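Source file: run-v2.txt. Holds: compact mmCIF, C-alpha atoms.
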```txt
# COMPACT_ATOMS: atom_id res chain seq x y z
CA MET A 17 152.83 -45.77 -45.92
CA SER A 18 149.89 -47.40 -44.15
CA GLY A 19 148.51 -50.75 -43.01
CA PRO A 20 150.60 -53.84 -42.19
CA GLY A 21 153.41 -52.69 -44.49
CA LEU A 22 153.93 -49.66 -42.29
CA TYR A 23 154.45 -51.82 -39.21
CA VAL A 24 156.86 -54.16 -40.98
CA ALA A 25 158.85 -51.10 -42.06
CA LEU A 26 158.70 -49.62 -38.55
CA VAL A 27 159.98 -52.81 -36.89
CA ALA A 28 162.72 -53.28 -39.50
CA PHE A 29 163.86 -49.68 -39.19
CA GLY A 30 163.72 -50.03 -35.41
CA VAL A 31 166.25 -52.89 -35.55
CA LEU A 32 168.58 -50.74 -37.65
CA ALA A 33 168.31 -47.72 -35.33
CA GLY A 34 168.71 -49.96 -32.28
CA VAL A 35 171.92 -51.53 -33.58
CA ALA A 36 173.32 -48.10 -34.45
CA SER A 37 172.55 -46.71 -31.01
CA GLY A 38 173.84 -49.82 -29.25
CA LEU A 39 177.09 -49.69 -31.20
CA LEU A 40 177.85 -46.00 -31.44
CA GLY A 41 175.81 -44.44 -28.64
CA VAL A 42 174.10 -42.31 -31.26
CA GLY A 43 171.82 -43.11 -34.12
CA GLY A 44 168.56 -43.77 -32.32
CA GLY A 45 166.91 -40.39 -32.62
CA THR A 46 169.13 -39.01 -35.37
CA LEU A 47 167.89 -41.82 -37.63
CA MET A 48 164.34 -42.23 -36.36
CA VAL A 49 163.23 -38.59 -36.51
CA PRO A 50 164.03 -38.18 -40.25
CA PHE A 51 162.53 -41.63 -40.92
CA LEU A 52 159.29 -40.72 -39.13
CA VAL A 53 159.07 -37.43 -41.03
CA PHE A 54 159.98 -38.63 -44.53
CA ALA A 55 158.74 -42.23 -44.61
CA VAL A 56 155.86 -42.23 -42.12
CA GLY A 57 154.71 -38.67 -42.70
CA LEU A 58 154.69 -37.33 -39.14
CA THR A 59 155.31 -33.67 -38.38
CA GLN A 60 158.72 -32.70 -36.98
CA HIS A 61 157.21 -32.30 -33.50
CA GLY A 62 155.33 -35.60 -33.73
CA ALA A 63 158.46 -37.39 -34.94
CA GLU A 64 160.57 -36.03 -32.10
CA ALA A 65 157.97 -36.98 -29.50
CA THR A 66 157.58 -40.48 -30.94
CA SER A 67 161.35 -40.95 -31.19
CA LEU A 68 161.67 -40.29 -27.46
CA LEU A 69 159.11 -42.99 -26.69
CA VAL A 70 161.24 -45.46 -28.67
CA ILE A 71 164.45 -44.30 -27.02
CA LEU A 72 163.13 -45.01 -23.50
CA PRO A 73 162.69 -48.82 -23.74
CA THR A 74 165.83 -49.04 -25.88
CA ALA A 75 167.86 -47.23 -23.22
CA ILE A 76 166.44 -49.47 -20.49
CA VAL A 77 167.36 -52.67 -22.33
CA GLY A 78 170.77 -51.32 -23.34
CA SER A 79 171.50 -50.18 -19.78
CA LEU A 80 170.60 -53.57 -18.31
CA THR A 81 172.76 -55.36 -20.88
CA LEU A 82 175.76 -53.16 -20.11
CA ARG A 83 175.18 -53.42 -16.35
CA ARG A 84 175.34 -57.21 -16.57
CA ARG A 85 178.74 -56.73 -18.20
CA GLY A 86 179.84 -54.47 -15.36
CA VAL A 87 180.19 -51.39 -17.57
CA GLY A 88 179.41 -48.02 -15.94
CA ASP A 89 177.35 -47.29 -12.82
CA LEU A 90 173.60 -47.30 -13.46
CA GLY A 91 172.76 -45.79 -10.04
CA VAL A 92 174.86 -42.70 -10.67
CA ALA A 93 173.63 -42.53 -14.27
CA LEU A 94 169.98 -42.49 -13.16
CA ARG A 95 170.69 -39.79 -10.59
CA PHE A 96 172.35 -37.38 -12.99
CA GLY A 97 169.69 -38.29 -15.52
CA LEU A 98 167.08 -36.98 -13.07
CA VAL A 99 168.73 -33.58 -13.31
CA GLY A 100 168.77 -34.06 -17.06
CA ALA A 101 165.00 -34.57 -16.94
CA LEU A 102 164.65 -30.88 -16.01
CA GLY A 103 166.64 -30.02 -19.14
CA ALA A 104 164.48 -32.34 -21.23
CA PHE A 105 161.31 -30.66 -19.98
CA ALA A 106 162.72 -27.22 -20.92
CA GLY A 107 163.97 -28.50 -24.28
CA ALA A 108 160.64 -30.05 -25.21
CA LYS A 109 158.77 -26.87 -24.16
CA LEU A 110 161.14 -24.86 -26.37
CA ALA A 111 160.62 -27.25 -29.30
CA LEU A 112 156.84 -27.03 -28.95
CA ALA A 113 157.10 -23.23 -29.05
CA LEU A 114 159.14 -23.26 -32.29
CA PRO A 115 157.61 -23.55 -35.78
CA ALA A 116 158.32 -26.90 -37.52
CA SER A 117 160.53 -25.33 -40.21
CA THR A 118 162.79 -23.70 -37.61
CA LEU A 119 162.96 -26.91 -35.62
CA LYS A 120 163.92 -28.83 -38.77
CA ILE A 121 166.81 -26.48 -39.45
CA VAL A 122 168.06 -26.80 -35.86
CA PHE A 123 167.73 -30.57 -36.19
CA ALA A 124 169.59 -30.61 -39.53
CA VAL A 125 172.48 -28.56 -38.09
CA PHE A 126 172.65 -30.90 -35.11
CA VAL A 127 172.67 -34.09 -37.23
CA GLY A 128 175.26 -32.59 -39.57
CA LEU A 129 177.58 -31.75 -36.69
CA VAL A 130 177.11 -35.22 -35.18
CA GLY A 131 177.95 -36.79 -38.53
CA LEU A 132 181.09 -34.71 -38.97
CA LYS A 133 182.22 -35.46 -35.41
CA LEU A 134 181.68 -39.21 -35.81
CA ALA A 135 183.54 -39.28 -39.12
CA TRP A 136 186.36 -37.26 -37.59
CA ASP A 137 186.56 -39.62 -34.57
CA GLY A 138 186.77 -42.53 -36.98
CA VAL A 139 189.54 -40.91 -39.02
CA SER A 140 191.59 -39.83 -35.99
CA GLY A 141 190.93 -42.98 -33.93
CA ASP A 142 191.11 -40.98 -30.70
CA ALA A 143 188.17 -42.60 -28.96
CA ARG A 144 189.53 -46.09 -29.46
CA MET A 145 192.94 -45.22 -28.08
CA ARG A 146 191.42 -43.61 -24.99
CA ASP A 147 189.21 -46.62 -24.57
CA GLU A 148 192.09 -49.05 -24.70
CA ARG A 149 194.02 -47.03 -22.14
CA SER A 150 191.08 -46.88 -19.75
CA HIS A 151 190.62 -50.65 -19.91
CA SER A 152 194.27 -51.65 -19.72
CA MET B 9 181.93 -42.69 -6.58
CA ALA B 10 180.90 -40.45 -3.69
CA ARG B 11 177.29 -40.11 -2.56
CA VAL B 12 177.26 -36.50 -3.68
CA LEU B 13 177.14 -36.25 -7.44
CA ASP B 14 180.05 -34.64 -9.26
CA PRO B 15 178.80 -31.15 -10.33
CA LYS B 16 180.20 -31.93 -13.78
CA LEU B 17 177.66 -34.74 -14.08
CA LEU B 18 174.83 -32.34 -13.25
CA VAL B 19 175.91 -29.95 -16.00
CA ILE B 20 176.32 -32.81 -18.48
CA GLY B 21 172.89 -34.19 -17.57
CA LEU B 22 171.23 -30.80 -17.98
CA GLY B 23 172.86 -30.20 -21.35
CA GLY B 24 172.03 -33.68 -22.60
CA GLY B 25 168.47 -33.35 -21.37
CA LEU B 26 167.96 -30.00 -23.06
CA LEU B 27 169.18 -31.37 -26.37
CA SER B 28 167.09 -34.51 -25.97
CA GLY B 29 163.86 -32.64 -25.34
CA LEU B 30 164.53 -30.09 -28.07
CA LEU B 31 165.41 -32.56 -30.82
CA GLY B 32 163.84 -35.88 -29.85
CA VAL B 33 167.17 -37.65 -29.54
CA GLY B 34 168.75 -39.40 -26.58
CA GLY B 35 171.29 -36.71 -25.82
CA GLY B 36 174.12 -39.24 -25.64
CA VAL B 37 175.86 -37.49 -28.48
CA ILE B 38 176.90 -34.63 -26.22
CA MET B 39 176.90 -36.54 -22.92
CA VAL B 40 179.37 -39.23 -24.02
CA PRO B 41 182.12 -36.85 -25.26
CA LEU B 42 181.69 -34.62 -22.19
CA LEU B 43 181.85 -37.63 -19.86
CA VAL B 44 185.08 -38.73 -21.54
CA LEU B 45 186.84 -35.39 -22.08
CA TRP B 46 185.60 -33.44 -19.04
CA ALA B 47 184.54 -35.97 -16.38
CA ALA B 48 187.38 -38.41 -17.23
CA TYR B 49 185.28 -41.52 -17.82
CA GLY B 50 186.55 -44.24 -20.18
CA GLN B 51 184.72 -44.46 -23.50
CA ARG B 52 182.75 -47.60 -22.63
CA ASP B 53 181.76 -46.46 -19.14
CA ALA B 54 180.73 -43.07 -20.56
CA HIS B 55 178.53 -44.85 -23.08
CA ALA B 56 176.83 -46.84 -20.30
CA MET B 57 176.41 -43.78 -18.06
CA SER B 58 174.86 -41.80 -20.89
CA LEU B 59 172.45 -44.62 -21.71
CA GLY B 60 171.34 -44.82 -18.06
CA ALA B 61 170.83 -41.05 -17.83
CA ILE B 62 168.68 -41.17 -20.96
CA ILE B 63 166.06 -43.20 -19.03
CA PRO B 64 164.78 -40.33 -16.79
CA ILE B 65 165.61 -37.76 -19.50
CA SER B 66 163.43 -39.46 -22.12
CA ILE B 67 160.58 -39.96 -19.60
CA ALA B 68 160.48 -36.17 -19.02
CA GLY B 69 160.52 -35.48 -22.77
CA ILE B 70 157.78 -38.03 -23.48
CA ALA B 71 155.58 -36.58 -20.73
CA THR B 72 156.03 -33.02 -22.02
CA TYR B 73 155.31 -33.93 -25.66
CA GLY B 74 152.59 -36.35 -24.54
CA VAL B 75 150.65 -33.59 -22.76
CA ALA B 76 150.81 -31.62 -26.03
CA GLY B 77 149.34 -34.64 -27.88
CA GLN B 78 152.39 -35.16 -30.11
CA VAL B 79 153.29 -38.78 -29.28
CA HIS B 80 152.25 -41.39 -31.90
CA TYR B 81 151.99 -44.45 -29.68
CA LEU B 82 151.44 -47.16 -32.32
CA ASP B 83 154.33 -45.97 -34.48
CA ALA B 84 156.53 -45.91 -31.38
CA LEU B 85 155.44 -49.44 -30.49
CA GLY B 86 156.49 -50.77 -33.90
CA LEU B 87 159.85 -49.00 -33.84
CA ALA B 88 160.51 -49.97 -30.22
CA ALA B 89 159.85 -53.66 -30.91
CA GLY B 90 162.64 -53.58 -33.49
CA ALA B 91 164.89 -51.20 -31.59
CA ILE B 92 164.96 -53.34 -28.43
CA VAL B 93 166.24 -56.31 -30.41
CA GLY B 94 168.65 -54.06 -32.30
CA ALA B 95 170.01 -52.33 -29.20
CA ALA B 96 170.76 -55.62 -27.43
CA LEU B 97 172.51 -56.82 -30.58
CA GLY B 98 174.46 -53.56 -30.87
CA ALA B 99 175.53 -53.63 -27.22
CA ARG B 100 176.86 -57.18 -27.69
CA LEU B 101 178.73 -56.22 -30.85
CA LEU B 102 180.21 -53.21 -29.03
CA THR B 103 182.87 -55.31 -27.32
CA ARG B 104 184.23 -56.88 -30.50
CA ILE B 105 183.82 -54.48 -33.38
CA ASP B 106 186.27 -52.10 -35.03
CA GLU B 107 184.53 -48.79 -34.46
CA ARG B 108 186.67 -46.64 -36.74
CA LEU B 109 185.36 -47.58 -40.16
CA LEU B 110 181.82 -47.76 -38.80
CA LYS B 111 182.12 -44.22 -37.42
CA ILE B 112 183.39 -42.84 -40.71
CA ILE B 113 180.65 -44.48 -42.78
CA PHE B 114 177.85 -43.65 -40.35
CA GLY B 115 179.15 -40.11 -39.85
CA LEU B 116 179.06 -39.38 -43.56
CA PHE B 117 175.62 -40.96 -43.78
CA LEU B 118 174.37 -38.57 -41.09
CA VAL B 119 175.81 -35.59 -42.96
CA GLY B 120 173.75 -36.73 -45.95
CA ILE B 121 170.60 -36.91 -43.80
CA ALA B 122 171.33 -33.43 -42.44
CA VAL B 123 171.49 -32.00 -45.95
CA LEU B 124 168.22 -33.75 -46.84
CA VAL B 125 166.40 -32.45 -43.74
CA GLY B 126 167.83 -28.96 -44.26
CA VAL B 127 166.72 -28.86 -47.88
CA ARG B 128 163.20 -30.02 -46.99
CA ALA B 129 162.89 -27.40 -44.26
```

Write out the structure in this file as structure tokens.
Amino acid sequence: MSGPGLYVALVAFGVLAGVASGLLGVGGGTLMVPFLVFAVGLTQHGAEATSLLVILPTAIVGSLTLRRRGVGDLGVALRFGLVGALGAFAGAKLALALPASTLKIVFAVFVGLVGLKLAWDGVSGDARMRDERSHS
Amino acid sequence: MARVLDPKLLVIGLGGGLLSGLLGVGGGVIMVPLLVLWAAYGQRDAHAMSLGAIIPISIAGIATYGVAGQVHYLDALGLAAGAIVGAALGARLLTRIDERLLKIIFGLFLVGIAVLVGVRA
């Protein structure tokens, strides 16, 4: 894809990935990385890097929306996220050191496991029951 | 919450960050379950905490990939424009939707994507 059509597709796919991540807490990167590789033609490394730049503003907007609703504690979240930043630096360095084909396989295994876990959560209904208890 | 962070949160943040940087995802997929099952947060609070932690985590990942010249800024701009609208919409729907069916459908969809990515690798 190229030209204006590419940007229409990017924005439209962004809405889809944003809704998925807002609803399920996953689906941002797991959807965007394959989309950027298959539809836009980026390399695996380029897609992962670009996905992270989309995740940042999405996380900011999502966090502010949830904070207005009094869900969670953004101050604590940002502080443990700072520790997480060290992990992200190491993870990105590791990814950059891996060949694209290896990284794709690791990514595929990850997405497959996420998919199975989500489907299993849906079938068992565990998350919803815990949620209702914690808010009762 | 005490001023000193729960060591469990530090471990969860590190693990989520590592996954995020390695795979270009938020890392919420391991942080949320760990926050619920290990750090005893409710599902909705865990979701919010994970989302907040992703802010510094993704900044570190972007900087690391950015130095290596891997970030495609215009593509990210297009996706982000849509994703910001979508995320706000999703967060609003979160309080009133039945998650079970959605999880099953989306989960199976992801398994399909995994097979596709694996085959192409």

### Query
What is the CA of Ile112 (chain B) to CA of Asp137 (chain A) distance in Å?
7.6 Å

### Query
What is the distance, in Å and to one decimal place, between CA of Gln78 (chain B) and CA of Val125 (chain B)?
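Between CA of Gln78 (chain B) and CA of Val125 (chain B) the gap is 19.7 Å.
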
### Query
What is the CA of Trp136 (chain A) to CA of Ile121 (chain B) distance in Å?
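Separation between CA of Trp136 (chain A) and CA of Ile121 (chain B): 16.9 Å.
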
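Look at Gly24 (chain B): the protein and nucleic acid residues within 10 Å of it, using only C-alpha atoms and passing over chain neighbours fewer than 6 places away, are A:Gly97, A:Val99, A:Gly100, A:Ala101, A:Gly103, A:Ala104, A:Gly107, B:Leu18, B:Leu30, B:Val33, B:Gly34, B:Gly35, B:Gly36, B:Val37, B:Ile38, B:Met39, B:Val40, B:Leu42, B:Ser58, B:Ala61, B:Ile62, B:Ile65.
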
## Note on the structure
Of B:Met57, B:Ala129, B:Ala48, B:Ala96, the one nearest to Thr59 (chain A) when counting only C-alpha atoms is B:Ala129

Residue completion, region 89-111 of chain A, N, CA and C atoms, as an mmCIF file, in the coordinates of the input:
```cif
data_model
loop_
_atom_site.group_PDB
_atom_site.id
_atom_site.type_symbol
_atom_site.label_atom_id
_atom_site.label_comp_id
_atom_site.auth_asym_id
_atom_site.auth_seq_id
_atom_site.Cartn_x
_atom_site.Cartn_y
_atom_site.Cartn_z
ATOM 1 N N ASP A 89 178.007 -47.249 -14.126
ATOM 2 C CA ASP A 89 177.350 -47.290 -12.820
ATOM 3 C C ASP A 89 175.934 -46.760 -13.011
ATOM 4 N N LEU A 90 174.976 -47.683 -13.103
ATOM 5 C CA LEU A 90 173.600 -47.300 -13.460
ATOM 6 C C LEU A 90 172.980 -46.391 -12.398
ATOM 7 N N GLY A 91 173.317 -46.630 -11.111
ATOM 8 C CA GLY A 91 172.760 -45.790 -10.040
ATOM 9 C C GLY A 91 173.129 -44.329 -10.215
ATOM 10 N N VAL A 92 174.403 -44.078 -10.459
ATOM 11 C CA VAL A 92 174.860 -42.700 -10.670
ATOM 12 C C VAL A 92 174.248 -42.140 -11.951
ATOM 13 N N ALA A 93 174.179 -42.972 -12.980
ATOM 14 C CA ALA A 93 173.630 -42.530 -14.270
ATOM 15 C C ALA A 93 172.177 -42.078 -14.099
ATOM 16 N N LEU A 94 171.390 -42.850 -13.356
ATOM 17 C CA LEU A 94 169.980 -42.490 -13.160
ATOM 18 C C LEU A 94 169.864 -41.194 -12.360
ATOM 19 N N ARG A 95 170.768 -40.997 -11.403
ATOM 20 C CA ARG A 95 170.690 -39.790 -10.590
ATOM 21 C C ARG A 95 171.041 -38.541 -11.380
ATOM 22 N N PHE A 96 172.084 -38.603 -12.221
ATOM 23 C CA PHE A 96 172.350 -37.380 -12.990
ATOM 24 C C PHE A 96 171.363 -37.239 -14.142
ATOM 25 N N GLY A 97 170.761 -38.361 -14.535
ATOM 26 C CA GLY A 97 169.690 -38.290 -15.520
ATOM 27 C C GLY A 97 168.451 -37.588 -14.990
ATOM 28 N N LEU A 98 168.227 -37.684 -13.675
ATOM 29 C CA LEU A 98 167.080 -36.980 -13.070
ATOM 30 C C LEU A 98 167.236 -35.472 -13.216
ATOM 31 N N VAL A 99 168.466 -35.000 -13.063
ATOM 32 C CA VAL A 99 168.730 -33.580 -13.310
ATOM 33 C C VAL A 99 168.505 -33.275 -14.789
ATOM 34 N N GLY A 100 168.962 -34.209 -15.620
ATOM 35 C CA GLY A 100 168.770 -34.060 -17.060
ATOM 36 C C GLY A 100 167.305 -33.968 -17.440
ATOM 37 N N ALA A 101 166.434 -34.607 -16.647
ATOM 38 C CA ALA A 101 165.000 -34.570 -16.940
ATOM 39 C C ALA A 101 164.470 -33.135 -16.918
ATOM 40 N N LEU A 102 165.043 -32.300 -16.035
ATOM 41 C CA LEU A 102 164.650 -30.880 -16.010
ATOM 42 C C LEU A 102 165.011 -30.221 -17.347
ATOM 43 N N GLY A 103 166.208 -30.539 -17.846
ATOM 44 C CA GLY A 103 166.640 -30.020 -19.140
ATOM 45 C C GLY A 103 165.733 -30.504 -20.260
ATOM 46 N N ALA A 104 165.330 -31.769 -20.185
ATOM 47 C CA ALA A 104 164.480 -32.340 -21.230
ATOM 48 C C ALA A 104 163.118 -31.663 -21.254
ATOM 49 N N PHE A 105 162.580 -31.372 -20.069
ATOM 50 C CA PHE A 105 161.310 -30.660 -19.980
ATOM 51 C C PHE A 105 161.428 -29.287 -20.660
ATOM 52 N N ALA A 106 162.503 -28.553 -20.332
ATOM 53 C CA ALA A 106 162.720 -27.220 -20.920
ATOM 54 C C ALA A 106 162.925 -27.329 -22.434
ATOM 55 N N GLY A 107 163.705 -28.326 -22.855
ATOM 56 C CA GLY A 107 163.970 -28.500 -24.280
ATOM 57 C C GLY A 107 162.715 -28.811 -25.074
ATOM 58 N N ALA A 108 161.872 -29.691 -24.518
ATOM 59 C CA ALA A 108 160.640 -30.050 -25.210
ATOM 60 C C ALA A 108 159.679 -28.864 -25.267
ATOM 61 N N LYS A 109 159.613 -28.084 -24.176
ATOM 62 C CA LYS A 109 158.770 -26.870 -24.160
ATOM 63 C C LYS A 109 159.239 -25.894 -25.245
ATOM 64 N N LEU A 110 160.568 -25.758 -25.361
ATOM 65 C CA LEU A 110 161.140 -24.860 -26.370
ATOM 66 C C LEU A 110 160.776 -25.357 -27.771
ATOM 67 N N ALA A 111 160.932 -26.674 -27.991
ATOM 68 C CA ALA A 111 160.620 -27.250 -29.300
ATOM 69 C C ALA A 111 159.158 -27.002 -29.666
#
```
